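S.K.: Next comes the structure file entry-v1.txt, holding compact mmCIF, C-alpha atoms.
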```txt
# COMPACT_ATOMS: atom_id res chain seq x y z
CA MET A 1 22.92 11.33 3.03
CA THR A 2 24.08 12.85 -0.24
CA GLY A 3 22.01 13.18 -3.38
CA THR A 4 24.31 10.60 -5.01
CA ASP A 5 23.63 8.09 -2.21
CA THR A 6 19.89 8.63 -2.52
CA ALA A 7 20.01 8.24 -6.30
CA THR A 8 22.04 5.04 -5.98
CA GLU A 9 19.59 3.57 -3.48
CA GLY A 10 16.71 4.55 -5.73
CA GLN A 11 18.39 2.77 -8.65
CA GLU A 12 18.99 -0.32 -6.52
CA ALA A 13 15.35 -0.42 -5.46
CA ALA A 14 14.15 0.14 -9.02
CA ALA A 15 16.34 -2.73 -10.25
CA LEU A 16 15.08 -4.97 -7.44
CA LEU A 17 11.45 -4.17 -8.25
CA GLU A 18 12.08 -4.91 -11.92
CA ARG A 19 13.64 -8.28 -11.03
CA THR A 20 10.66 -9.01 -8.82
CA ARG A 21 8.20 -8.23 -11.59
CA THR A 22 10.17 -10.48 -13.94
CA ALA A 23 10.07 -13.34 -11.43
CA VAL A 24 6.52 -12.93 -10.16
CA THR A 25 4.46 -11.60 -13.08
CA PRO A 26 4.32 -14.88 -15.04
CA ARG A 27 2.93 -16.73 -11.99
CA LEU A 28 0.61 -13.82 -11.21
CA ARG A 29 -0.70 -13.56 -14.74
CA ASP A 30 -1.20 -17.31 -15.14
CA THR A 31 -3.18 -17.33 -11.92
CA VAL A 32 -5.38 -14.39 -12.93
CA GLU A 33 -5.99 -15.93 -16.34
CA SER A 34 -7.46 -18.98 -14.59
CA LEU A 35 -10.47 -16.89 -13.52
CA PRO A 36 -13.76 -17.42 -15.35
CA GLY A 37 -14.84 -15.13 -18.21
CA SER A 38 -16.05 -11.73 -17.10
CA ILE A 39 -14.20 -11.84 -13.77
CA ARG A 40 -10.95 -12.54 -15.62
CA ARG A 41 -11.60 -9.58 -17.91
CA ILE A 42 -12.03 -7.19 -14.97
CA ALA A 43 -8.91 -8.51 -13.23
CA MET A 44 -6.83 -8.31 -16.40
CA TYR A 45 -7.99 -4.71 -16.90
CA HIS A 46 -7.23 -3.81 -13.29
CA PHE A 47 -3.66 -5.12 -13.61
CA GLY A 48 -3.18 -3.13 -16.82
CA TRP A 49 -2.77 -6.19 -19.05
CA GLU A 50 -5.94 -5.54 -21.08
CA ARG A 51 -8.06 -2.61 -22.14
CA ALA A 52 -11.72 -2.41 -21.20
CA ASP A 53 -12.69 -4.12 -24.47
CA GLY A 54 -10.40 -7.07 -23.73
CA SER A 55 -7.68 -6.15 -26.21
CA PRO A 56 -4.05 -6.43 -25.01
CA ALA A 57 -2.50 -3.48 -23.18
CA ALA A 58 1.00 -2.73 -21.92
CA GLY A 59 -0.01 -0.97 -18.71
CA SER A 60 1.75 -1.24 -15.37
CA ALA A 61 0.56 -3.91 -12.93
CA GLY A 62 1.93 -1.88 -10.00
CA LYS A 63 5.27 -1.29 -8.32
CA ALA A 64 5.46 -4.83 -6.80
CA ILE A 65 6.73 -3.58 -3.44
CA ARG A 66 5.02 -6.30 -1.40
CA PRO A 67 6.19 -9.27 -3.49
CA ALA A 68 9.68 -7.73 -3.52
CA LEU A 69 9.62 -7.71 0.28
CA VAL A 70 8.70 -11.41 0.31
CA LEU A 71 11.62 -12.36 -1.93
CA ALA A 72 14.10 -10.00 -0.26
CA ALA A 73 13.18 -11.26 3.22
CA ALA A 74 13.61 -14.87 2.16
CA GLN A 75 17.02 -14.10 0.71
CA ALA A 76 18.15 -12.02 3.72
CA LEU A 77 17.51 -15.01 5.99
CA GLY A 78 19.41 -17.46 3.81
CA GLY A 79 16.50 -18.89 1.86
CA ASP A 80 16.04 -19.38 -1.87
CA ALA A 81 13.90 -16.52 -3.15
CA GLN A 82 12.70 -18.65 -6.06
CA HIS A 83 10.95 -20.98 -3.62
CA ALA A 84 8.88 -18.02 -2.37
CA VAL A 85 7.55 -16.83 -5.74
CA ARG A 86 4.11 -18.34 -5.12
CA ALA A 87 3.93 -16.53 -1.77
CA ALA A 88 5.02 -13.29 -3.43
CA ALA A 89 2.27 -13.63 -6.05
CA ALA A 90 -0.27 -14.44 -3.33
CA VAL A 91 0.61 -11.26 -1.44
CA GLU A 92 0.23 -9.18 -4.59
CA LEU A 93 -3.19 -10.74 -5.28
CA ALA A 94 -4.29 -9.96 -1.72
CA HIS A 95 -3.06 -6.40 -2.12
CA ASN A 96 -5.01 -5.93 -5.34
CA PHE A 97 -8.11 -7.35 -3.69
CA THR A 98 -7.87 -4.42 -1.27
CA LEU A 99 -7.27 -1.92 -4.10
CA LEU A 100 -10.39 -2.96 -6.00
CA HIS A 101 -12.48 -2.64 -2.86
CA ASP A 102 -10.82 0.58 -1.70
CA ASP A 103 -11.53 2.25 -5.03
CA VAL A 104 -15.22 1.45 -4.61
CA ILE A 105 -15.34 2.56 -0.97
CA ASP A 106 -13.41 5.78 -1.62
CA GLU A 107 -15.15 6.40 -4.97
CA ASP A 108 -11.75 6.89 -6.59
CA ARG A 109 -12.13 7.24 -10.33
CA THR A 110 -8.51 6.80 -11.42
CA ARG A 111 -5.71 4.38 -10.59
CA ARG A 112 -2.40 4.01 -12.43
CA HIS A 113 -3.50 6.71 -14.88
CA ARG A 114 -6.60 4.74 -15.95
CA PRO A 115 -10.27 4.75 -14.94
CA THR A 116 -10.79 2.43 -11.98
CA ALA A 117 -12.45 -0.94 -12.56
CA TRP A 118 -15.71 -0.01 -10.85
CA THR A 119 -16.17 3.03 -13.11
CA VAL A 120 -15.73 0.82 -16.18
CA PHE A 121 -17.48 -2.43 -15.20
CA GLY A 122 -19.75 -1.29 -12.37
CA THR A 123 -19.50 -1.57 -8.60
CA PRO A 124 -20.86 -5.13 -8.13
CA ASP A 125 -18.51 -6.65 -10.71
CA ALA A 126 -15.47 -4.81 -9.32
CA ILE A 127 -16.22 -6.06 -5.81
CA ILE A 128 -16.71 -9.61 -7.06
CA ALA A 129 -13.41 -9.48 -8.97
CA GLY A 130 -11.70 -8.36 -5.77
CA ASP A 131 -13.24 -11.27 -3.86
CA ALA A 132 -11.99 -13.66 -6.53
CA MET A 133 -8.45 -12.26 -6.24
CA LEU A 134 -8.39 -12.97 -2.52
CA ALA A 135 -9.56 -16.53 -3.17
CA LEU A 136 -6.80 -16.90 -5.77
CA ALA A 137 -4.19 -15.73 -3.24
CA LEU A 138 -5.20 -18.39 -0.74
CA ARG A 139 -5.46 -21.05 -3.44
CA LEU A 140 -1.91 -20.32 -4.58
CA LEU A 141 -0.62 -21.09 -1.10
CA ALA A 142 -2.95 -24.05 -0.59
CA GLU A 143 -1.57 -25.68 -3.75
CA ASP A 144 2.07 -24.95 -2.88
CA ARG A 145 4.02 -28.07 -1.91
CA HIS A 146 6.60 -26.07 0.04
CA PRO A 147 6.58 -27.05 3.75
CA ALA A 148 6.04 -23.39 4.72
CA ALA A 149 2.85 -23.03 2.69
CA ALA A 150 0.34 -23.94 5.42
CA ALA A 151 1.83 -21.49 7.92
CA ALA A 152 2.02 -18.82 5.22
CA SER A 153 -1.62 -19.33 4.27
CA ALA A 154 -2.77 -18.99 7.87
CA ARG A 155 -0.67 -15.87 8.36
CA LEU A 156 -1.99 -14.22 5.17
CA ALA A 157 -5.58 -14.99 6.15
CA ALA A 158 -5.06 -13.44 9.60
CA CYS A 159 -3.45 -10.41 7.97
CA VAL A 160 -6.42 -9.90 5.64
CA ILE A 161 -8.81 -9.96 8.61
CA GLU A 162 -6.64 -7.34 10.33
CA LEU A 163 -6.49 -5.06 7.31
CA CYS A 164 -10.26 -5.39 6.82
CA ALA A 165 -10.69 -4.25 10.42
CA GLY A 166 -8.38 -1.32 9.65
CA GLN A 167 -10.44 -0.43 6.58
CA GLN A 168 -13.66 -0.58 8.60
CA THR A 169 -12.15 1.76 11.20
CA ASP A 170 -11.06 4.12 8.42
CA CYS A 171 -14.62 4.19 7.09
CA ALA A 172 -15.98 4.82 10.60
CA PHE A 173 -13.62 7.80 10.96
CA GLU A 174 -15.25 9.44 7.94
CA GLU A 175 -18.56 9.64 9.83
CA LEU A 176 -17.01 11.43 12.79
CA ASP A 177 -16.51 15.16 13.26
CA PRO A 178 -12.96 16.40 12.60
CA HIS A 179 -11.97 16.60 16.27
CA GLU A 180 -13.35 13.18 17.18
CA VAL A 181 -10.42 11.20 15.75
CA SER A 182 -7.18 11.16 17.76
CA LEU A 183 -3.73 10.81 16.27
CA ASP A 184 -3.11 7.57 18.19
CA GLU A 185 -6.33 6.10 16.77
CA CYS A 186 -5.31 7.15 13.29
CA LEU A 187 -1.85 5.59 13.67
CA ALA A 188 -3.39 2.33 14.89
CA MET A 189 -5.75 2.29 11.92
CA ALA A 190 -2.93 2.90 9.46
CA THR A 191 -0.83 0.15 11.04
CA ALA A 192 -3.67 -2.32 10.51
CA LYS A 193 -4.70 -1.10 7.08
CA THR A 194 -1.25 -0.68 5.52
CA GLY A 195 1.45 -1.90 7.90
CA ALA A 196 -0.08 -5.33 8.40
CA LEU A 197 0.32 -6.45 4.78
CA LEU A 198 3.89 -5.17 4.47
CA GLY A 199 4.68 -6.92 7.75
CA CYS A 200 3.02 -10.10 6.48
CA SER A 201 5.05 -9.90 3.26
CA CYS A 202 8.30 -9.84 5.22
CA ALA A 203 7.09 -12.56 7.57
CA LEU A 204 6.15 -14.84 4.66
CA GLY A 205 9.64 -14.45 3.22
CA ALA A 206 11.08 -15.38 6.60
CA ILE A 207 8.78 -18.41 6.90
CA TYR A 208 9.81 -19.65 3.46
CA ALA A 209 13.45 -19.28 4.51
CA GLY A 210 12.81 -21.59 7.46
CA ALA A 211 13.40 -18.87 10.06
CA GLY A 212 12.45 -19.30 13.72
CA GLU A 213 9.55 -17.59 15.47
CA GLU A 214 11.68 -14.71 16.80
CA GLU A 215 13.10 -13.91 13.37
CA VAL A 216 9.64 -14.10 11.77
CA ALA A 217 8.22 -11.76 14.42
CA ALA A 218 11.08 -9.30 13.94
CA MET A 219 10.61 -9.31 10.17
CA ASP A 220 6.89 -8.72 10.62
CA ALA A 221 7.66 -5.78 12.92
CA PHE A 222 10.14 -4.40 10.39
CA GLY A 223 7.48 -4.50 7.67
CA ARG A 224 4.86 -2.91 9.90
CA GLU A 225 7.09 0.03 10.83
CA ALA A 226 8.15 0.47 7.20
CA GLY A 227 4.50 0.17 6.22
CA LEU A 228 3.52 2.98 8.54
CA ALA A 229 6.27 5.12 7.05
CA PHE A 230 4.90 4.15 3.62
CA GLN A 231 1.40 5.27 4.65
CA LEU A 232 2.66 8.58 6.01
CA ILE A 233 4.37 9.32 2.70
CA ASP A 234 1.30 8.10 0.81
CA ASP A 235 -0.85 10.52 2.80
CA LEU A 236 1.51 13.38 1.97
CA ILE A 237 1.31 12.44 -1.71
CA GLY A 238 -2.48 12.34 -1.41
CA ILE A 239 -2.37 16.04 -0.55
CA TRP A 240 0.64 17.43 -2.40
CA GLY A 241 1.40 14.81 -5.05
CA ASP A 242 1.79 15.76 -8.71
CA PRO A 243 -1.23 14.42 -10.67
CA GLU A 244 1.07 13.74 -13.64
CA ARG A 245 3.02 11.31 -11.46
CA THR A 246 0.29 9.95 -9.17
CA GLY A 247 -2.47 9.48 -11.74
CA LYS A 248 -4.92 11.08 -9.30
CA PRO A 249 -6.28 14.63 -8.99
CA ALA A 250 -4.32 17.03 -6.76
CA GLY A 251 -5.63 17.14 -3.20
CA ALA A 252 -7.98 14.21 -3.80
CA ASP A 253 -7.79 13.10 -0.16
CA LEU A 254 -8.75 16.57 1.04
CA ALA A 255 -11.64 16.84 -1.40
CA ALA A 256 -12.91 13.51 -0.05
CA HIS A 257 -12.55 14.78 3.56
CA LYS A 258 -10.22 11.88 4.39
CA LYS A 259 -8.83 11.95 7.89
CA SER A 260 -5.32 11.02 6.79
CA LEU A 261 -2.38 11.20 9.18
CA PRO A 262 -1.15 14.73 8.24
CA VAL A 263 -4.74 15.99 8.43
CA VAL A 264 -5.37 14.49 11.88
CA ALA A 265 -2.00 15.83 13.09
CA ALA A 266 -3.07 19.29 11.91
CA LEU A 267 -6.54 18.98 13.44
CA SER A 268 -5.04 17.97 16.81
CA SER A 269 -2.41 20.73 16.78
CA GLY A 270 -4.45 23.25 18.75
CA THR A 271 -3.44 25.93 16.24
CA ALA A 272 -5.56 28.50 14.45
CA ALA A 273 -4.71 26.77 11.18
CA GLY A 274 -6.02 23.50 12.62
CA GLY A 275 -9.27 25.27 13.44
CA GLU A 276 -9.49 26.59 9.88
CA LEU A 277 -9.03 23.08 8.57
CA ALA A 278 -11.78 21.75 10.83
CA GLU A 279 -14.19 24.32 9.43
CA LEU A 280 -13.25 23.47 5.86
CA TYR A 281 -13.86 19.77 6.60
CA LYS A 282 -17.46 20.51 7.59
CA ARG A 283 -18.59 21.35 4.06
CA PRO A 284 -18.02 20.29 0.44
CA MET A 285 -14.75 21.53 -1.06
CA ASP A 286 -14.16 23.07 -4.46
CA THR A 287 -10.71 23.59 -5.97
CA GLU A 288 -10.07 26.75 -3.96
CA SER A 289 -11.18 25.10 -0.72
CA VAL A 290 -8.82 22.18 -1.37
CA ARG A 291 -5.96 24.64 -1.87
CA ARG A 292 -6.83 26.41 1.38
CA ALA A 293 -7.10 23.09 3.23
CA ALA A 294 -3.66 21.99 2.02
CA ASP A 295 -2.23 25.31 3.17
CA ALA A 296 -3.92 24.93 6.56
CA VAL A 297 -2.48 21.42 7.03
CA GLU A 298 0.99 22.77 6.32
CA ARG A 299 0.65 25.82 8.60
CA ALA A 300 -0.70 23.63 11.40
CA GLY A 301 2.43 21.45 11.19
CA GLY A 302 0.80 18.36 9.68
CA ARG A 303 3.24 18.12 6.80
CA ASP A 304 6.36 18.49 8.95
CA TRP A 305 5.02 16.05 11.55
CA ALA A 306 4.29 13.39 8.92
CA GLN A 307 7.75 13.71 7.41
CA MET A 308 9.45 13.44 10.81
CA GLU A 309 7.22 10.56 11.89
CA ALA A 310 8.02 8.68 8.68
CA ALA A 311 11.75 9.06 9.40
CA ASP A 312 11.24 7.87 13.00
CA ARG A 313 9.26 4.83 11.85
CA MET A 314 12.01 3.93 9.41
CA ALA A 315 14.57 4.08 12.21
CA ARG A 316 12.39 1.72 14.24
CA ALA A 317 12.05 -0.55 11.20
CA VAL A 318 15.83 -0.85 10.91
CA GLN A 319 16.08 -1.69 14.63
CA GLN A 320 13.58 -4.52 14.16
CA LEU A 321 15.39 -5.75 11.05
CA SER A 322 18.66 -5.98 12.98
CA ARG A 323 16.98 -8.41 15.41
CA ALA A 324 16.30 -10.82 12.55
CA VAL A 325 19.43 -10.11 10.48
CA PRO A 326 22.24 -8.91 12.80
CA ASP A 327 24.52 -8.39 9.80
CA LEU A 328 22.54 -5.74 7.95
CA GLY A 329 24.86 -6.20 4.99
CA ALA A 330 22.85 -9.32 4.19
CA ALA A 331 19.64 -7.26 4.19
CA GLY A 332 20.66 -4.72 1.58
CA ASP A 333 17.63 -5.36 -0.63
CA LEU A 334 15.22 -4.90 2.27
CA LEU A 335 16.89 -1.65 3.28
CA ALA A 336 16.82 -0.39 -0.32
CA LEU A 337 13.09 -1.14 -0.52
CA ALA A 338 12.44 0.58 2.81
CA GLU A 339 14.30 3.67 1.65
CA PHE A 340 12.40 3.60 -1.64
CA VAL A 341 8.96 3.64 -0.05
CA THR A 342 9.81 6.57 2.19
CA ARG A 343 11.43 8.68 -0.53
CA ARG A 344 8.97 8.09 -3.34
CA THR A 345 6.88 10.88 -4.88
CA ARG A 346 3.97 8.77 -6.19
```
Could you show the structure in this file as structure tokens?
M.R.:
Amino acid sequence: MTGTDTATEGQEAAALLERTRTAVTPRLRDTVESLPGSIRRIAMYHFGWERADGSPAAGSAGKAIRPALVLAAAQALGGDAQHAVRAAAAVELAHNFTLLHDDVIDEDRTRRHRPTAWTVFGTPDAIIAGDAMLALALRLLAEDRHPAAAAASARLAACVIELCAGQQTDCAFEELDPHEVSLDECLAMATAKTGALLGCSCALGAIYAGAGEEEVAAMDAFGREAGLAFQLIDDLIGIWGDPERTGKPAGADLAAHKKSLPVVAALSSGTAAGGELAELYKRPMDTESVRRAADAVERAGGRDWAQMEAADRMARAVQQLSRAVPDLGAAGDLLALAEFVTRRTR
């Protein structure tokens, strides 16, 4: 693929995400504004629509990848994307429920170049705001008169249970010694924690398009494989991402001793560099230790493995997509989004 092709695909994805934000943000914002007092204030801050003091802000509410997948999947299967806007907003609310909780669990202090909600409003209020967002997501679908709404609500609820299980497994990994987590276990955790919601997003679009069970299952599988590729790239960014672009400190995942996919690949490599990394993971890390850990991951092959695995998962995603949409020309938006998430740098 040439640089021109990549740039064109990136522009297509960027335009699609902008159209999605235009279509979904009004519904999303109206829904968030229905929250009571202090919970609304936290949610509005988290989405970047208000400052901590409640005054208006022009911050970013996120890339809108998941709602874009909902709308693109509906369109690819012959549905009207406008009919799936509520579902797209519900998916984004569910996603932000996880972000609020993840920031507390991981003790992340920045998101989207701003202090995280828990650092501003306190841990209990941030958790409560996250809970309210999940309730809003399910209420949006419960109040939708579209015939697909009931099935969509059940599928989103099942997805949230799965991703909570993935998060719990991720937390359990942090208590284990470096060599006690296998790569297969880590891949399964990432599929549940990240792949499940991207798969659900695609499945909801298919459901709103009136697709059959086989097409819905194939779209879910497409999203899961793309989601795993997304997580692999996210893990690489968590180690080598530019803080000016990511809004997070360099090597934050290493400093937090996260057993991300490139790290576990390095730890299981049987190399001397993998052994060095295991030793570094046994004690607190300063800036120099983080630099050494990143170097050890790379020398142990973790970076190369993650990049190749992401490419392989994307190939599998396209195979699954072709089961649901044999003419991939009709799935151009989905393919552009899939390429975007595996080529991003933040």
S.K.: With all atoms listed in the file as the atoms that count, which of A:Lys248, A:Arg112, A:Arg224, A:Arg292 lies nearest to A:Gln320?
M.R.: A:Arg224
S.K.: Can you pull out the residues contacting A:Asp333? Cut-off 8 Å, using all atoms listed in the file, and skip same-chain residues under 5 positions away; I want them as number ranges by chain.
M.R.: A: 12-13, 16, 72, 76
S.K.: Could you turn the residues from that selection into a file that holds C-alpha atoms, as a PDB file, in the frame of the given file?
M.R.:
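This went into again-v4.pdb:
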```pdb
ATOM      1  CA  GLU A  12      18.990  -0.320  -6.520  1.00  0.00           C
ATOM      2  CA  ALA A  13      15.350  -0.420  -5.460  1.00  0.00           C
ATOM      3  CA  LEU A  16      15.080  -4.970  -7.440  1.00  0.00           C
ATOM      4  CA  ALA A  72      14.100 -10.000  -0.260  1.00  0.00           C
ATOM      5  CA  ALA A  76      18.150 -12.020   3.720  1.00  0.00           C
TER       6      ALA A  76
END
```
S.K.: Would you please work out which residue, of A:Ala158, A:Ala229, A:Val120, A:Ile42, is nearest to A:Thr194 when using all atoms listed in the file?
M.R.: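 Selected residue with least distance to A:Thr194: A:Ala229.
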S.K.: Please, what distance in Å, to one decimal, runs between atom CA of A:Arg283 and atom CA of A:Pro178?
M.R.: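 That distance, rounded to one decimal, is 11.4 Å.
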S.K.: How many Å separate atom CA of A:Leu134 from atom CA of A:His95?
M.R.: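 One can read the atom CA of A:Leu134 to atom CA of A:His95 distance as 8.5 Å.
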S.K.: Residues within 12 Å of A:Gly270, please, as a ChimeraX atom specification. Count only C-alpha atoms; anything in the same chain fewer than 5 positions from it doesn't count.
M.R.: /A:179,264-265,275-278,299-302
S.K.: Could you please take those selected residues and save C-alpha atoms as a PDB file, in the frame of the given file?
M.R.:
```pdb
ATOM      1  CA  HIS A 179     -11.970  16.600  16.270  1.00  0.00           C
ATOM      2  CA  VAL A 264      -5.370  14.490  11.880  1.00  0.00           C
ATOM      3  CA  ALA A 265      -2.000  15.830  13.090  1.00  0.00           C
ATOM      4  CA  GLY A 275      -9.270  25.270  13.440  1.00  0.00           C
ATOM      5  CA  GLU A 276      -9.490  26.590   9.880  1.00  0.00           C
ATOM      6  CA  LEU A 277      -9.030  23.080   8.570  1.00  0.00           C
ATOM      7  CA  ALA A 278     -11.780  21.750  10.830  1.00  0.00           C
ATOM      8  CA  ARG A 299       0.650  25.820   8.600  1.00  0.00           C
ATOM      9  CA  ALA A 300      -0.700  23.630  11.400  1.00  0.00           C
ATOM     10  CA  GLY A 301       2.430  21.450  11.190  1.00  0.00           C
ATOM     11  CA  GLY A 302       0.800  18.360   9.680  1.00  0.00           C
TER      12      GLY A 302
END
```
S.K.: Ranking A:Ala209, A:Ala330, A:Ala192, A:Met219 by minimum distance to A:Cys164 and counting all atoms listed in the file, which one comes first?
M.R.: A:Ala192
S.K.: When distances are computed from all atoms listed in the file, which of A:Arg139, A:Arg145, A:Asp125, A:His113 shows the smallest separation from A:Glu244?
M.R.: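 So, comparing all the options, the nearest one is A:His113.
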S.K.: Taking (-11.7, -7.9, -4.2) in the file's coordinates, which residues come within 7 Å, counting all atoms listed in the file, written as a ChimeraX atom specification?
M.R.: /A:97-98,100-101,127-134
S.K.: Give the answer as one residue: which of A:Arg29, A:Ser268, A:Arg66, A:Ser55 has the shortest atom-to-atom distance to A:Glu180, using all atoms listed in the file?
M.R.: A:Ser268
S.K.: Go through A:Tyr45, A:Pro326, A:Ile39, A:Glu298 and flag the residue nearest A:Glu215, using all atoms listed in the file for the distances.
M.R.: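 Once distances to A:Glu215 are computed over all atoms listed in the file, the minimum belongs to A:Pro326.
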S.K.: Please report the interatomic distance between atom CA of A:Arg303 and atom CA of A:Ala64 in Å with one decimal.
M.R.: 26.8 Å
S.K.: Quick one: residues within 6 Å of (7.8, -14.0, 9.8) (file frame), counting only C-alpha atoms, please, as a PyMOL selection string.
M.R.: chain A and resi 203-204+206-207+216-217+219-220
S.K.: Contacts of A:Glu185 at 12 Å or less, counting all atoms listed in the file, minus same-chain residues fewer than 3 places along, as JSON, numbers by chain?
M.R.: {"A": [166, 169, 170, 172, 173, 179, 180, 181, 182, 188, 189, 190, 191, 192, 259, 260, 261, 264, 265, 268]}
S.K.: Let me know the centre plus edge lengths, in Å and rounded to one decimal, of a box with edges along x, y and z that contains all listed atoms of stretch 321-330 of chain A and is padded by 5 Å on every side, as AutoDock Vina command-line options.
M.R.:
```
--center_x 20.1 --center_y -8.3 --center_z 9.8 --size_x 19.5 --size_y 15.1 --size_z 21.2
```
S.K.: Please identify all polymer residues within 12 Å of A:Gly210, counting all atoms listed in the file, omitting same-chain residues fewer than 2 positions from it, and present them as a PDB file with C-alpha atoms, keeping the file's coordinate frame.
M.R.:
```
ATOM      1  CA  ALA A  73      13.180 -11.260   3.220  1.00  0.00           C
ATOM      2  CA  ALA A  74      13.610 -14.870   2.160  1.00  0.00           C
ATOM      3  CA  GLN A  75      17.020 -14.100   0.710  1.00  0.00           C
ATOM      4  CA  ALA A  76      18.150 -12.020   3.720  1.00  0.00           C
ATOM      5  CA  LEU A  77      17.510 -15.010   5.990  1.00  0.00           C
ATOM      6  CA  GLY A  78      19.410 -17.460   3.810  1.00  0.00           C
ATOM      7  CA  GLY A  79      16.500 -18.890   1.860  1.00  0.00           C
ATOM      8  CA  ASP A  80      16.040 -19.380  -1.870  1.00  0.00           C
ATOM      9  CA  ALA A  81      13.900 -16.520  -3.150  1.00  0.00           C
ATOM     10  CA  HIS A  83      10.950 -20.980  -3.620  1.00  0.00           C
ATOM     11  CA  ALA A  84       8.880 -18.020  -2.370  1.00  0.00           C
ATOM     12  CA  HIS A 146       6.600 -26.070   0.040  1.00  0.00           C
ATOM     13  CA  PRO A 147       6.580 -27.050   3.750  1.00  0.00           C
ATOM     14  CA  ALA A 148       6.040 -23.390   4.720  1.00  0.00           C
ATOM     15  CA  ALA A 149       2.850 -23.030   2.690  1.00  0.00           C
ATOM     16  CA  ALA A 151       1.830 -21.490   7.920  1.00  0.00           C
ATOM     17  CA  ALA A 152       2.020 -18.820   5.220  1.00  0.00           C
ATOM     18  CA  ALA A 203       7.090 -12.560   7.570  1.00  0.00           C
ATOM     19  CA  LEU A 204       6.150 -14.840   4.660  1.00  0.00           C
ATOM     20  CA  GLY A 205       9.640 -14.450   3.220  1.00  0.00           C
ATOM     21  CA  ALA A 206      11.080 -15.380   6.600  1.00  0.00           C
ATOM     22  CA  ILE A 207       8.780 -18.410   6.900  1.00  0.00           C
ATOM     23  CA  TYR A 208       9.810 -19.650   3.460  1.00  0.00           C
ATOM     24  CA  GLY A 212      12.450 -19.300  13.720  1.00  0.00           C
ATOM     25  CA  GLU A 213       9.550 -17.590  15.470  1.00  0.00           C
ATOM     26  CA  GLU A 214      11.680 -14.710  16.800  1.00  0.00           C
ATOM     27  CA  GLU A 215      13.100 -13.910  13.370  1.00  0.00           C
ATOM     28  CA  VAL A 216       9.640 -14.100  11.770  1.00  0.00           C
TER      29      VAL A 216
END
```
S.K.: Write out as CSV a residue-level contact list of stretch 20-58 of chain A versus stretch 86-92 of chain A with cut-off 9 Å: for each qualifying residue the closest pair of atoms and the distance in Å to one decimal, counting all atoms listed in the file, rows sorted by chain and residue number upward.
M.R.:
```
residue,atom,partner,partner_atom,distance
A:Thr20,CA,A:Ala88,CA,8.9
A:Val24,CA,A:Ala89,CA,6.0
A:Thr25,CA,A:Ala89,CA,7.6
A:Arg27,CA,A:Ala89,CA,6.7
A:Leu28,CA,A:Ala89,CA,5.4
A:Thr31,CA,A:Ala89,CA,8.8
```
S.K.: Counting all atoms listed in the file, what is within 8 Å of stretch 239-241 of chain A, bar same-chain residues fewer than 2 positions away, as a PyMOL selection string?
M.R.: chain A and resi 235-237+243+245-246+250-254+294+345-346
S.K.: Any chance you could turn stretch 193-204 of chain A into a file with N, CA and C atoms, as a compact mmCIF listing (two decimals), in the first residue's frame?
M.R.:
```
# COMPACT_ATOMS: atom_id res chain seq x y z
N LYS A 193 -12.23 -7.48 26.83
CA LYS A 193 -12.22 -6.10 27.34
C LYS A 193 -12.39 -5.07 26.24
N THR A 194 -11.83 -5.31 25.07
CA THR A 194 -11.87 -4.33 23.98
C THR A 194 -12.65 -4.84 22.77
N GLY A 195 -12.36 -6.07 22.35
CA GLY A 195 -13.00 -6.60 21.15
C GLY A 195 -14.50 -6.75 21.28
N ALA A 196 -14.98 -7.05 22.48
CA ALA A 196 -16.41 -7.31 22.65
C ALA A 196 -17.25 -6.10 22.29
N LEU A 197 -16.83 -4.91 22.70
CA LEU A 197 -17.66 -3.72 22.45
C LEU A 197 -17.60 -3.30 20.99
N LEU A 198 -16.45 -3.47 20.34
CA LEU A 198 -16.41 -3.17 18.91
C LEU A 198 -17.23 -4.18 18.13
N GLY A 199 -17.19 -5.45 18.56
CA GLY A 199 -18.02 -6.45 17.92
C GLY A 199 -19.50 -6.16 18.14
N CYS A 200 -19.86 -5.75 19.35
CA CYS A 200 -21.25 -5.41 19.66
C CYS A 200 -21.70 -4.22 18.82
N SER A 201 -20.83 -3.25 18.62
CA SER A 201 -21.17 -2.08 17.82
C SER A 201 -21.56 -2.50 16.40
N CYS A 202 -20.75 -3.36 15.81
CA CYS A 202 -21.05 -3.84 14.45
C CYS A 202 -22.31 -4.69 14.43
N ALA A 203 -22.49 -5.52 15.46
CA ALA A 203 -23.67 -6.37 15.53
C ALA A 203 -24.94 -5.52 15.67
N LEU A 204 -24.89 -4.47 16.47
CA LEU A 204 -26.06 -3.60 16.63
C LEU A 204 -26.43 -2.95 15.31
```
